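Q: Input file: query.txt. Contents: compact mmCIF, C-alpha atoms.
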# COMPACT_ATOMS: atom_id res chain seq x y z
CA MET C 465 63.26 -81.30 279.70
CA GLN C 466 65.68 -78.49 280.43
CA LEU C 467 65.29 -77.23 276.87
CA PHE C 468 61.51 -77.25 277.25
CA ASN C 469 61.71 -75.23 280.48
CA THR C 470 64.05 -72.72 278.83
CA LEU C 471 61.70 -72.29 275.87
CA LYS C 472 58.78 -71.90 278.26
CA LYS C 473 60.55 -69.11 280.14
CA GLN C 474 61.43 -67.36 276.90
CA ALA C 475 57.97 -67.86 275.34
CA SER C 476 57.10 -64.15 275.47
CA PHE C 477 60.36 -63.21 273.74
CA ILE C 478 59.95 -65.90 271.08
CA ALA C 479 56.40 -64.73 270.38
CA ALA C 480 57.69 -61.18 269.90
CA VAL C 481 60.43 -62.14 267.42
CA PRO C 482 58.19 -62.06 264.29
CA ALA C 483 56.94 -58.60 265.22
CA LEU C 484 60.51 -57.47 265.84
CA ILE C 485 61.67 -58.80 262.46
CA TRP C 486 58.70 -57.12 260.76
CA GLN C 487 59.54 -53.81 262.44
CA ILE C 488 63.20 -54.02 261.42
CA LEU C 489 62.44 -54.90 257.78
CA PHE C 490 59.60 -52.44 257.18
CA LEU C 491 60.50 -49.56 259.51
CA TYR C 492 64.18 -49.33 260.34
CA VAL C 493 65.58 -50.53 257.00
CA PRO C 494 63.43 -48.11 254.93
CA LEU C 495 64.31 -45.37 257.41
CA LEU C 496 68.01 -46.13 256.88
CA PHE C 497 67.57 -45.83 253.10
CA LEU C 498 65.68 -42.58 253.62
CA LEU C 499 68.46 -41.08 255.71
CA SER C 500 71.16 -42.27 253.31
CA ALA C 501 69.34 -40.65 250.38
CA SER C 502 69.11 -37.42 252.37
CA PHE C 503 72.76 -37.12 253.41
CA PHE C 504 74.70 -38.98 250.72
CA LYS C 505 75.16 -38.48 247.01
CA ARG C 506 76.49 -41.08 244.62
CA TRP C 507 79.22 -40.58 242.01
CA PRO C 508 78.26 -42.98 239.18
CA VAL C 509 81.73 -43.01 237.62
CA PHE C 510 83.52 -44.19 240.75
CA ASN C 511 80.49 -45.87 242.36
CA VAL C 512 81.23 -44.25 245.73
CA TYR C 513 79.10 -42.22 248.10
CA ASP C 514 79.93 -38.79 249.46
CA LEU C 515 78.44 -37.01 252.48
CA THR C 516 76.50 -33.90 251.51
CA PHE C 517 74.07 -31.44 253.06
CA THR C 518 72.93 -30.04 249.72
CA ASN C 519 69.64 -31.93 249.73
CA ILE C 520 68.83 -30.85 253.29
CA ALA C 521 69.70 -27.23 252.47
CA ALA C 522 67.36 -27.40 249.47
CA VAL C 523 64.31 -28.06 251.67
CA ILE C 524 65.17 -25.68 254.52
CA THR C 525 63.22 -22.82 252.95
CA THR C 526 60.35 -20.60 254.04
CA ALA C 527 57.95 -22.27 251.62
CA HIS C 528 58.66 -25.76 252.96
CA PHE C 529 58.39 -24.68 256.59
CA LYS C 530 55.07 -22.96 255.84
CA ILE C 531 53.74 -26.31 254.60
CA ILE C 532 55.13 -28.08 257.67
CA GLY C 533 53.67 -25.40 259.95
CA TRP C 534 50.23 -25.52 258.33
CA SER C 535 50.20 -29.33 258.48
CA LEU C 536 51.21 -29.19 262.14
CA ILE C 537 48.52 -26.64 263.00
CA GLN C 538 45.93 -28.72 261.19
CA ALA C 539 47.04 -31.93 262.92
CA MET C 540 46.93 -30.29 266.37
CA THR C 541 43.53 -28.77 265.59
CA ILE C 542 42.14 -32.19 264.65
CA ALA C 543 43.69 -33.81 267.73
CA THR C 544 42.27 -31.10 270.00
CA ALA C 545 38.80 -31.42 268.44
CA CYS C 546 38.94 -35.20 268.84
CA LEU C 547 39.96 -34.75 272.49
CA LEU C 548 37.13 -32.31 273.24
CA VAL C 549 34.58 -34.66 271.69
CA GLY C 550 36.19 -37.97 272.60
CA TYR C 551 36.76 -37.38 276.32
CA PRO C 552 33.05 -36.95 277.23
CA VAL C 553 32.15 -39.93 275.05
CA ALA C 554 34.81 -42.15 276.62
CA TYR C 555 33.83 -40.94 280.11
CA PHE C 556 30.18 -41.73 279.44
CA PHE C 557 31.01 -45.21 278.11
CA ALA C 558 33.40 -46.09 280.96
CA VAL C 559 31.68 -44.49 283.95
CA LYS C 560 28.02 -43.78 283.29
CA MET C 561 26.98 -46.53 280.88
CA ARG C 562 26.68 -50.04 282.24
CA ARG C 563 24.11 -52.10 280.38
CA TRP C 564 24.70 -51.12 276.72
CA LYS C 565 28.41 -50.36 276.97
CA ASN C 566 29.66 -53.28 274.86
CA PHE C 567 26.95 -52.66 272.28
CA PHE C 568 28.03 -49.06 271.67
CA LEU C 569 31.73 -49.98 271.78
CA PHE C 570 31.02 -52.44 268.99
CA PHE C 571 29.63 -49.62 266.83
CA LEU C 572 32.59 -47.46 267.76
CA MET C 573 35.00 -50.10 266.44
CA LEU C 574 32.87 -50.93 263.40
CA PRO C 575 34.60 -48.34 261.12
CA PHE C 576 37.87 -50.27 261.58
CA TRP C 577 36.27 -53.07 259.55
CA THR C 578 35.95 -50.71 256.58
CA ASN C 579 38.80 -49.63 254.36
CA PHE C 580 40.13 -46.16 255.20
CA LEU C 581 39.77 -44.97 251.60
CA VAL C 582 36.17 -46.19 251.45
CA GLN C 583 35.33 -44.03 254.47
CA ALA C 584 36.93 -40.98 252.83
CA TYR C 585 35.16 -41.56 249.50
CA ALA C 586 31.84 -41.94 251.33
CA TRP C 587 32.24 -38.39 252.61
CA PHE C 588 32.84 -37.24 249.04
CA PHE C 589 29.19 -38.00 248.21
CA VAL C 590 28.04 -36.27 251.39
CA LEU C 591 29.94 -33.00 250.90
CA GLU C 592 29.81 -32.54 247.12
CA ARG C 593 27.73 -29.74 245.61
CA ASN C 594 24.74 -32.01 244.95
CA GLY C 595 25.50 -34.23 247.91
CA LEU C 596 23.48 -35.29 250.92
CA LEU C 597 24.42 -32.33 253.14
CA ASN C 598 23.54 -29.63 250.61
CA ARG C 599 20.26 -31.35 249.75
CA PHE C 600 19.38 -31.57 253.45
CA LEU C 601 20.13 -27.86 254.04
CA LEU C 602 18.16 -26.89 250.92
CA SER C 603 15.16 -28.95 252.01
CA LEU C 604 15.14 -27.15 255.38
CA GLY C 605 15.39 -23.76 253.70
CA ILE C 606 18.60 -22.87 255.53
CA ILE C 607 20.42 -22.13 252.27
CA ARG C 608 19.12 -21.03 248.85
CA GLU C 609 21.89 -22.50 246.73
CA PRO C 610 24.36 -25.37 247.29
CA LEU C 611 27.47 -24.57 249.29
CA GLN C 612 30.97 -25.31 248.00
CA ILE C 613 32.08 -27.51 250.90
CA LEU C 614 34.12 -30.04 248.98
CA TYR C 615 37.70 -29.20 247.98
CA SER C 616 38.20 -26.90 250.97
CA PRO C 617 40.34 -27.04 254.15
CA PHE C 618 37.12 -27.44 256.14
CA ALA C 619 36.27 -30.64 254.25
CA VAL C 620 39.76 -32.01 254.89
CA ILE C 621 39.58 -31.26 258.62
CA LEU C 622 36.02 -32.63 258.95
CA VAL C 623 36.79 -35.97 257.31
CA MET C 624 40.08 -36.38 259.19
CA PHE C 625 38.22 -35.63 262.43
CA TYR C 626 35.68 -38.34 261.61
CA CYS C 627 38.30 -40.93 260.64
CA TYR C 628 40.62 -40.35 263.61
CA LEU C 629 38.05 -39.88 266.39
CA PRO C 630 38.04 -43.60 267.39
CA PHE C 631 41.82 -43.42 267.86
CA MET C 632 41.17 -40.84 270.58
CA ILE C 633 38.20 -42.49 272.27
CA LEU C 634 39.68 -45.97 272.70
CA PRO C 635 42.84 -44.97 274.69
CA LEU C 636 40.73 -42.66 276.85
CA TYR C 637 38.20 -45.41 277.46
CA GLY C 638 40.95 -47.84 278.48
CA VAL C 639 42.23 -45.42 281.14
CA LEU C 640 38.82 -44.27 282.39
CA GLU C 641 37.55 -47.84 282.74
CA LYS C 642 40.31 -48.54 285.29
CA PHE C 643 39.77 -45.24 287.11
CA ASP C 644 38.91 -45.57 290.81
CA LEU C 645 35.58 -43.75 291.22
CA ARG C 646 36.03 -43.66 294.99
CA LEU C 647 38.53 -40.84 294.50
CA ILE C 648 35.77 -38.68 293.00
CA GLU C 649 33.40 -39.55 295.83
CA ALA C 650 36.06 -38.72 298.41
CA SER C 651 36.80 -35.38 296.76
CA LEU C 652 33.12 -34.42 296.67
CA ASP C 653 32.63 -35.53 300.31
CA LEU C 654 35.52 -33.28 301.36
CA GLY C 655 33.78 -30.25 299.85
CA ALA C 656 35.34 -29.93 296.42
CA THR C 657 33.11 -28.84 293.56
CA SER C 658 32.55 -31.06 290.51
CA SER C 659 34.72 -28.87 288.30
CA LYS C 660 37.55 -28.75 290.85
CA THR C 661 37.35 -32.53 291.27
CA PHE C 662 37.62 -32.98 287.53
CA PHE C 663 40.64 -30.68 287.08
CA LYS C 664 42.45 -31.80 290.24
CA ILE C 665 41.63 -35.52 290.34
CA THR C 666 40.14 -36.97 287.16
CA LEU C 667 42.11 -35.05 284.55
CA PRO C 668 45.62 -35.57 286.00
CA LEU C 669 45.04 -39.29 286.63
CA THR C 670 43.81 -39.86 283.06
CA MET C 671 46.58 -37.80 281.46
CA SER C 672 48.29 -40.92 280.08
CA GLY C 673 45.19 -41.74 278.01
CA ILE C 674 44.93 -38.12 276.85
CA ARG C 675 48.58 -38.13 275.78
CA ASN C 676 48.34 -41.46 273.95
CA GLY C 677 45.14 -40.50 272.16
CA PHE C 678 46.46 -37.05 271.24
CA LEU C 679 49.62 -38.52 269.71
CA LEU C 680 47.73 -41.33 267.97
CA VAL C 681 45.66 -38.69 266.19
CA MET C 682 48.19 -35.90 265.69
CA VAL C 683 51.12 -37.89 264.25
CA PRO C 684 49.25 -39.67 261.40
CA ALA C 685 47.17 -36.53 260.72
CA PHE C 686 50.41 -34.58 260.25
CA GLY C 687 51.53 -36.78 257.36
CA GLU C 688 48.10 -37.75 256.00
CA TYR C 689 47.99 -38.01 252.21
CA ALA C 690 44.80 -39.76 251.10
CA ILE C 691 42.19 -37.52 252.76
CA PRO C 692 43.72 -34.18 251.63
CA ALA C 693 44.04 -35.59 248.10
CA ILE C 694 40.38 -36.65 247.99
CA MET C 695 38.71 -33.88 249.99
CA GLY C 696 41.10 -31.11 248.97
CA GLY C 697 41.23 -32.07 245.32
CA GLY C 698 44.98 -31.47 245.18
CA ARG C 699 44.48 -27.71 245.66
CA TYR C 700 46.33 -27.52 248.96
CA LEU C 701 49.81 -28.72 249.81
CA TYR C 702 50.41 -30.67 253.00
CA VAL C 703 53.39 -32.66 254.20
CA GLY C 704 52.04 -35.97 252.88
CA SER C 705 51.02 -34.56 249.50
CA LEU C 706 54.36 -32.77 249.02
CA ILE C 707 56.34 -35.92 249.86
CA SER C 708 54.22 -37.85 247.35
CA ASN C 709 54.82 -35.12 244.77
CA TYR C 710 58.59 -35.33 245.15
CA PHE C 711 58.71 -39.13 244.89
CA LEU C 712 55.97 -39.90 242.34
CA GLU C 713 55.67 -36.82 240.13
CA SER C 714 58.95 -34.89 240.31
CA ARG C 715 60.96 -38.12 240.51
CA ASP C 716 63.40 -36.47 242.93
CA PRO C 717 63.90 -39.01 245.74
CA ALA C 718 66.88 -37.11 247.20
CA VAL C 719 64.89 -33.95 247.90
CA GLY C 720 61.84 -36.02 248.85
CA SER C 721 63.89 -37.98 251.38
CA SER C 722 65.38 -34.76 252.75
CA PHE C 723 61.98 -33.16 253.18
CA THR C 724 60.70 -36.32 254.87
CA THR C 725 63.69 -36.22 257.23
CA VAL C 726 63.21 -32.56 258.10
CA SER C 727 59.45 -32.90 258.65
CA GLY C 728 60.06 -36.08 260.66
CA CYS C 729 62.49 -34.22 262.94
CA VAL C 730 59.92 -31.45 263.44
CA ILE C 731 57.12 -33.83 264.41
CA LEU C 732 59.51 -35.80 266.65
CA PHE C 733 60.44 -32.60 268.48
CA ILE C 734 56.75 -31.71 268.92
CA VAL C 735 55.99 -35.24 270.18
CA LEU C 736 58.73 -34.94 272.82
CA ILE C 737 57.31 -31.61 273.99
CA ILE C 738 53.76 -32.96 274.17
CA SER C 739 54.93 -36.08 276.00
CA ARG C 740 56.64 -33.85 278.57
CA VAL C 741 53.70 -31.46 278.95
CA MET C 742 51.11 -34.23 279.18
CA ALA C 743 53.13 -36.47 281.48
CA SER C 744 51.10 -38.14 284.20
CA PRO C 745 51.90 -37.41 287.89
CA LYS C 746 53.69 -40.77 288.30
CA GLN C 747 55.90 -40.11 285.27
CA ILE C 748 56.76 -36.63 286.57
CA GLN C 749 57.81 -38.11 289.91
CA LYS C 750 60.03 -40.69 288.16
CA GLN C 751 61.65 -37.99 286.02
CA GLU C 752 62.34 -35.84 289.08
CA ARG C 753 64.03 -38.76 290.84
Written as structure tokens, how would this file's structure read?

A:
Amino acid sequence: MQLFNTLKKQASFIAAVPALIWQILFLYVPLLFLLSASFFKRWPVFNVYDLTFTNIAAVITTAHFKIIGWSLIQAMTIATACLLVGYPVAYFFAVKMRRWKNFFLFFLMLPFWTNFLVQAYAWFFVLERNGLLNRFLLSLGIIREPLQILYSPFAVILVMFYCYLPFMILPLYGVLEKFDLRLIEASLDLGATSSKTFFKITLPLTMSGIRNGFLLVMVPAFGEYAIPAIMGGGRYLYVGSLISNYFLESRDPAVGSSFTTVSGCVILFIVLIISRVMASPKQIQKQER
């Protein structure tokens, strides 16, 4: 009986053990191998490892940081675009819509039932030279000849925006659904304008959803490989495509691991800054204490 009561108290921990084991095996262990390949070199004759910074020094170049910088700018652009579009949509679903809310949320989550690569390839047939978009513009007389949309940075950003938009809307919806609308009514009754109420009341109190959605979009977009390869046609180098090139084509795992480590440190630093800037009022008060 005592054993049963103990297991009952520890049920939440026991249920989390498989997830913890999965995280250790497929996140921390590969990360350990990645770091060891970045900072250690092996001497085959003596079968020993020696600490070295040669691999790290090889990737700390202007060319590599240009790729990291461009990937970061692109990821932040996509996250910002998703925020500007996703916030009004999430606000409308959570606050304004009552009757058909679950119906539209179902369609919002429907893309998650489709493979990520299938979604990207579907856009290939929309944006190609003889694709749906060019045919539509030609039929309206807006253009006289097909546009070269595919294999361009615009195509990469557009498809990534489409694929990652639900990752922005859902965290925002979760926060806005719990938002106390009486605060808005009180602010308006006290004479505040709608815009001032939004920037002083609504926006700060939903900052946690904005931060979570922004990071959920920006971090995977920073290292995205599949969409740039399909929509960019391999013409443009991004962090994900360069890492793939080092491991799969150049067969240089040491430099590939080093570049992954350096780019990972950059995105981690940016995440810490964004988490600090977008901290909610409650988190700021805790940090000040």

Q: Considering all atoms listed in the file, return as a VMD selection string whatever protein or nucleic-acid residues lie within 9 Å of stretch 493-504 of chain C, sequence-local ones (same chain, fewer than 6 positions apart) excluded.

A: chain C and resid 487 513 to 520 717 to 725

Q: Just write the chosen residues, C-alpha atoms, as a compact mmCIF listing (two decimals), in the frame of the given file.

A:
# COMPACT_ATOMS: atom_id res chain seq x y z
CA GLN C 487 59.54 -53.81 262.44
CA TYR C 513 79.10 -42.22 248.10
CA ASP C 514 79.93 -38.79 249.46
CA LEU C 515 78.44 -37.01 252.48
CA THR C 516 76.50 -33.90 251.51
CA PHE C 517 74.07 -31.44 253.06
CA THR C 518 72.93 -30.04 249.72
CA ASN C 519 69.64 -31.93 249.73
CA ILE C 520 68.83 -30.85 253.29
CA PRO C 717 63.90 -39.01 245.74
CA ALA C 718 66.88 -37.11 247.20
CA VAL C 719 64.89 -33.95 247.90
CA GLY C 720 61.84 -36.02 248.85
CA SER C 721 63.89 -37.98 251.38
CA SER C 722 65.38 -34.76 252.75
CA PHE C 723 61.98 -33.16 253.18
CA THR C 724 60.70 -36.32 254.87
CA THR C 725 63.69 -36.22 257.23

Q: Rounded to one decimal place, report the atom CA of C:Met540-atom CA of C:Met682 distance in Å.

A: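 Result for atom CA of C:Met540 versus atom CA of C:Met682: 5.8 Å, one decimal.
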
Q: What are the closest atom pairs, with distances in Å to one decimal, for each residue of stretch 531-592 of chain C lying within 8 Å of stretch 677-680 of chain C, using all atoms listed in the file, rows by chain and rising residue number, as JSON lines?

A:
{"residue": "C:Ala543", "atom": "CA", "partner": "C:Phe678", "partner_atom": "CA", "distance": 5.5}
{"residue": "C:Thr544", "atom": "CA", "partner": "C:Phe678", "partner_atom": "CA", "distance": 7.4}
{"residue": "C:Leu547", "atom": "CA", "partner": "C:Phe678", "partner_atom": "CA", "distance": 7.0}

Q: Which residues, protein or nucleic acid, reach to within 10 Å of (42.7, -31.1, 250.4) in the file's coordinates when using all atoms listed in the file, and can you give that as a short mmCIF file (atom, residue, chain, number, x, y, z; two decimals) with C-alpha atoms, in the coordinates of the input?

A:
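Okay, this is what ended up in part_11.cif:
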data_model
loop_
_atom_site.label_atom_id
_atom_site.label_comp_id
_atom_site.auth_asym_id
_atom_site.auth_seq_id
_atom_site.Cartn_x
_atom_site.Cartn_y
_atom_site.Cartn_z
CA LEU C 614 34.12 -30.04 248.98
CA TYR C 615 37.70 -29.20 247.98
CA SER C 616 38.20 -26.90 250.97
CA PRO C 617 40.34 -27.04 254.15
CA PHE C 618 37.12 -27.44 256.14
CA ALA C 619 36.27 -30.64 254.25
CA VAL C 620 39.76 -32.01 254.89
CA ILE C 621 39.58 -31.26 258.62
CA TYR C 689 47.99 -38.01 252.21
CA ALA C 690 44.80 -39.76 251.10
CA ILE C 691 42.19 -37.52 252.76
CA PRO C 692 43.72 -34.18 251.63
CA ALA C 693 44.04 -35.59 248.10
CA ILE C 694 40.38 -36.65 247.99
CA MET C 695 38.71 -33.88 249.99
CA GLY C 696 41.10 -31.11 248.97
CA GLY C 697 41.23 -32.07 245.32
CA GLY C 698 44.98 -31.47 245.18
CA ARG C 699 44.48 -27.71 245.66
CA TYR C 700 46.33 -27.52 248.96
CA LEU C 701 49.81 -28.72 249.81
CA TYR C 702 50.41 -30.67 253.00
CA SER C 705 51.02 -34.56 249.50
#

Q: Would you please work out which residue, of C:Phe733, C:Tyr637, C:Tyr628, C:Trp587, is nearest to C:Val681 when using all atoms listed in the file?

A: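 The answer is C:Tyr628, which sits nearest to C:Val681.
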
Q: Find the residues around C:Pro668 up to 9 Å (all atoms listed in the file counted), leave out those fewer than 2 positions away in its own chain, and share them as a PyMOL selection string.

A: chain C and resi 662-666+670-672+742-745

Q: Which is closer to C:Ser535 than all the others in C:Leu706, C:Ala522, C:Ala479, C:Ile633, using only C-alpha atoms?

A: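 That would be C:Leu706, the residue with the smallest distance to C:Ser535.
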
Q: Would you compute the distance between atom CA of C:Gly687 and atom CA of C:Lys505? Give it in Å to one decimal.

A: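 Result for atom CA of C:Gly687 versus atom CA of C:Lys505: 25.9 Å, one decimal.
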
Q: Find the distance between atom CA of C:Glu592 and atom CA of C:Leu572 and write it in Å to one decimal.

A: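 Taking atom CA of C:Glu592 and atom CA of C:Leu572, their separation equals 25.6 Å.
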